[in-house]
Amino acid sequence: MDQEFLALERELALFLRRARASSGDMAREVHPDLEPAAYGLLVRLDEVDRQRATELAAWFGVGKATMSRQLRALEELGLVAREPDPADGRASLILLTEEGRARFRRVRDARRARYVRKLSNWDRAEVAELARLLHQLNTQPDS
């Protein structure tokens with residue numbers, strides 16, 4: 001295998017291990033009882049404002065039962081709520097509560113400040129290029 005791909009695999013593995021550990025830390029900062037996997041749900045709901053549980057499950061590539069369990073836990077913690085979907089009265093939309101949004105954004109802003117500190121000696125064009133390349137990798141379909 002090409003050395004470039006071996007190096008990429010090694011660096012991505014390290015990055016992912018650190019990201020998982022960081023996600024757990026951030027989840028606990030939002031709420032001590034929050035599961036690390038549920039932090040991503042808060043990210044998504046902050047981005048889209050509100051969404052059906054089935055759409056969230058599809059976005060994350062998990063089953064409806066897994067999504068229901070995670071959402072129920074977030075509801076019990078007071079971080080998300082449900083409201084009727086105006087397009088379909090039988091369905092609900094999931095949204096962050098005021099408390100959930102405030103807690104999430106406080107943690108997200110602290111994380112962004114860490115990125116700024118860590119990359120302070122990088123040129124902004126390098127940061128933009130890293131973001132562009134990661135986006136390209138994340139949106140590339142699996143083959």
# chains A, B, ... in the order shown; residues from 1 in each chain; ligands from 1
>>> residues_around(residues="Glu75 in chain A", least_positions_apart="5", cutoff="12 Å", atoms="only C-alpha atoms", output="ChimeraX atom specification")
/A:34,38,41-42,68-70,80-82,94-97,99-100
>>> residues_around(residues="Arg52 in chain A", least_positions_apart="4", cutoff="8 Å", atoms="only C-alpha atoms", output="list in words")
Leu56, Ala91, Ser92, Leu93 and Ile94 of chain A
>>> select_by_dssp(residues="range 3-119 of chain A", states="strand (DSSP E or B)", output="PyMOL selection string")
chain A and resi 50-51+80-85+88-96
>>> write_last_selection(atoms="all heavy atoms", output="short mmCIF file (atom, residue, chain, number, x, y, z; two decimals), in the first residue's frame")
data_model
loop_
_atom_site.label_atom_id
_atom_site.label_comp_id
_atom_site.auth_asym_id
_atom_site.auth_seq_id
_atom_site.Cartn_x
_atom_site.Cartn_y
_atom_site.Cartn_z
N ARG A 50 -35.17 21.90 14.14
CA ARG A 50 -36.09 20.83 14.55
C ARG A 50 -36.19 19.82 13.43
O ARG A 50 -36.07 20.17 12.26
CB ARG A 50 -37.46 21.39 14.93
CG ARG A 50 -38.12 22.19 13.85
CD ARG A 50 -39.23 23.07 14.38
NE ARG A 50 -38.61 24.08 15.22
CZ ARG A 50 -39.19 24.71 16.23
NH1 ARG A 50 -40.43 24.50 16.52
NH2 ARG A 50 -38.56 25.59 16.96
N GLN A 51 -36.43 18.56 13.81
CA GLN A 51 -36.47 17.51 12.80
C GLN A 51 -37.22 16.31 13.36
O GLN A 51 -37.24 16.09 14.58
CB GLN A 51 -35.04 17.11 12.41
CG GLN A 51 -34.95 16.40 11.10
CD GLN A 51 -33.51 16.39 10.57
OE1 GLN A 51 -32.57 16.18 11.32
NE2 GLN A 51 -33.36 16.60 9.27
N VAL A 80 -34.16 18.20 25.16
CA VAL A 80 -34.96 18.28 23.93
C VAL A 80 -36.43 18.14 24.29
O VAL A 80 -36.78 17.66 25.37
CB VAL A 80 -34.57 17.19 22.88
CG1 VAL A 80 -33.12 17.30 22.47
CG2 VAL A 80 -34.93 15.81 23.34
N ALA A 81 -37.27 18.57 23.35
CA ALA A 81 -38.72 18.45 23.51
C ALA A 81 -39.30 18.04 22.17
O ALA A 81 -38.63 18.07 21.15
CB ALA A 81 -39.31 19.79 23.97
N ARG A 82 -40.57 17.67 22.21
CA ARG A 82 -41.30 17.31 20.99
C ARG A 82 -42.44 18.31 20.81
O ARG A 82 -43.01 18.79 21.77
CB ARG A 82 -41.91 15.91 21.11
CG ARG A 82 -40.90 14.81 21.20
CD ARG A 82 -41.58 13.46 21.43
NE ARG A 82 -40.59 12.45 21.73
CZ ARG A 82 -40.04 11.65 20.83
NH1 ARG A 82 -40.41 11.74 19.57
NH2 ARG A 82 -39.14 10.76 21.18
N GLU A 83 -42.72 18.58 19.52
CA GLU A 83 -43.87 19.40 19.20
C GLU A 83 -44.54 18.77 17.98
O GLU A 83 -43.89 18.09 17.20
CB GLU A 83 -43.48 20.85 18.93
CG GLU A 83 -42.66 21.06 17.70
CD GLU A 83 -42.33 22.53 17.45
OE1 GLU A 83 -42.35 23.33 18.39
OE2 GLU A 83 -42.04 22.86 16.29
N PRO A 84 -45.84 19.00 17.81
CA PRO A 84 -46.53 18.42 16.65
C PRO A 84 -45.93 18.96 15.35
O PRO A 84 -45.57 20.13 15.25
CB PRO A 84 -47.98 18.89 16.82
CG PRO A 84 -48.11 19.31 18.24
CD PRO A 84 -46.75 19.74 18.69
N ASP A 85 -45.84 18.08 14.37
CA ASP A 85 -45.36 18.47 13.04
C ASP A 85 -46.52 19.09 12.30
O ASP A 85 -47.53 18.44 12.06
CB ASP A 85 -44.84 17.23 12.30
CG ASP A 85 -44.24 17.55 10.95
OD1 ASP A 85 -44.47 18.68 10.44
OD2 ASP A 85 -43.56 16.68 10.39
N ASP A 88 -47.78 17.14 9.35
CA ASP A 88 -48.40 15.84 9.59
C ASP A 88 -48.70 15.72 11.08
O ASP A 88 -47.80 15.48 11.88
CB ASP A 88 -47.46 14.71 9.14
CG ASP A 88 -48.06 13.32 9.34
OD1 ASP A 88 -49.15 13.20 9.94
OD2 ASP A 88 -47.43 12.35 8.89
N GLY A 89 -49.95 15.91 11.44
CA GLY A 89 -50.34 15.91 12.85
C GLY A 89 -50.05 14.63 13.60
O GLY A 89 -50.04 14.61 14.82
N ARG A 90 -49.80 13.54 12.88
CA ARG A 90 -49.49 12.27 13.54
C ARG A 90 -48.02 12.20 13.97
O ARG A 90 -47.66 11.38 14.79
CB ARG A 90 -49.79 11.10 12.60
CG ARG A 90 -51.24 11.01 12.16
CD ARG A 90 -51.40 10.05 11.02
NE ARG A 90 -50.64 10.57 9.89
CZ ARG A 90 -50.36 9.92 8.78
NH1 ARG A 90 -50.78 8.69 8.63
NH2 ARG A 90 -49.67 10.47 7.81
N ALA A 91 -47.19 13.06 13.40
CA ALA A 91 -45.74 13.02 13.66
C ALA A 91 -45.34 14.16 14.60
O ALA A 91 -46.07 15.13 14.78
CB ALA A 91 -44.98 13.14 12.34
N SER A 92 -44.15 14.01 15.17
CA SER A 92 -43.59 15.03 16.06
C SER A 92 -42.26 15.52 15.50
O SER A 92 -41.55 14.78 14.81
CB SER A 92 -43.33 14.46 17.45
OG SER A 92 -44.53 14.07 18.06
N LEU A 93 -41.95 16.75 15.84
CA LEU A 93 -40.64 17.30 15.55
C LEU A 93 -39.86 17.39 16.87
O LEU A 93 -40.43 17.72 17.91
CB LEU A 93 -40.76 18.70 14.94
CG LEU A 93 -41.44 18.78 13.59
CD1 LEU A 93 -41.65 20.24 13.17
CD2 LEU A 93 -40.63 18.04 12.53
N ILE A 94 -38.59 17.09 16.79
CA ILE A 94 -37.70 17.15 17.95
C ILE A 94 -36.95 18.47 17.88
O ILE A 94 -36.44 18.85 16.83
CB ILE A 94 -36.69 15.98 17.96
CG1 ILE A 94 -37.40 14.64 17.74
CG2 ILE A 94 -35.86 15.99 19.23
CD1 ILE A 94 -38.39 14.27 18.79
N LEU A 95 -36.86 19.17 19.01
CA LEU A 95 -36.13 20.43 19.05
C LEU A 95 -35.41 20.57 20.38
O LEU A 95 -35.79 19.94 21.37
CB LEU A 95 -37.06 21.62 18.82
CG LEU A 95 -38.13 21.85 19.88
CD1 LEU A 95 -38.38 23.35 20.02
CD2 LEU A 95 -39.42 21.15 19.48
N LEU A 96 -34.38 21.38 20.39
CA LEU A 96 -33.68 21.67 21.63
C LEU A 96 -34.55 22.55 22.51
O LEU A 96 -35.21 23.48 22.00
CB LEU A 96 -32.37 22.42 21.34
CG LEU A 96 -31.25 21.63 20.67
CD1 LEU A 96 -30.11 22.57 20.28
CD2 LEU A 96 -30.74 20.53 21.59
#
>>> select_by_dssp(residues="range 5-114 of chain A", states="helix (DSSP H, G or I)", output="MDAnalysis selection string")
chainID A and resid 5:30 36:48 53:60 64:76 98:114
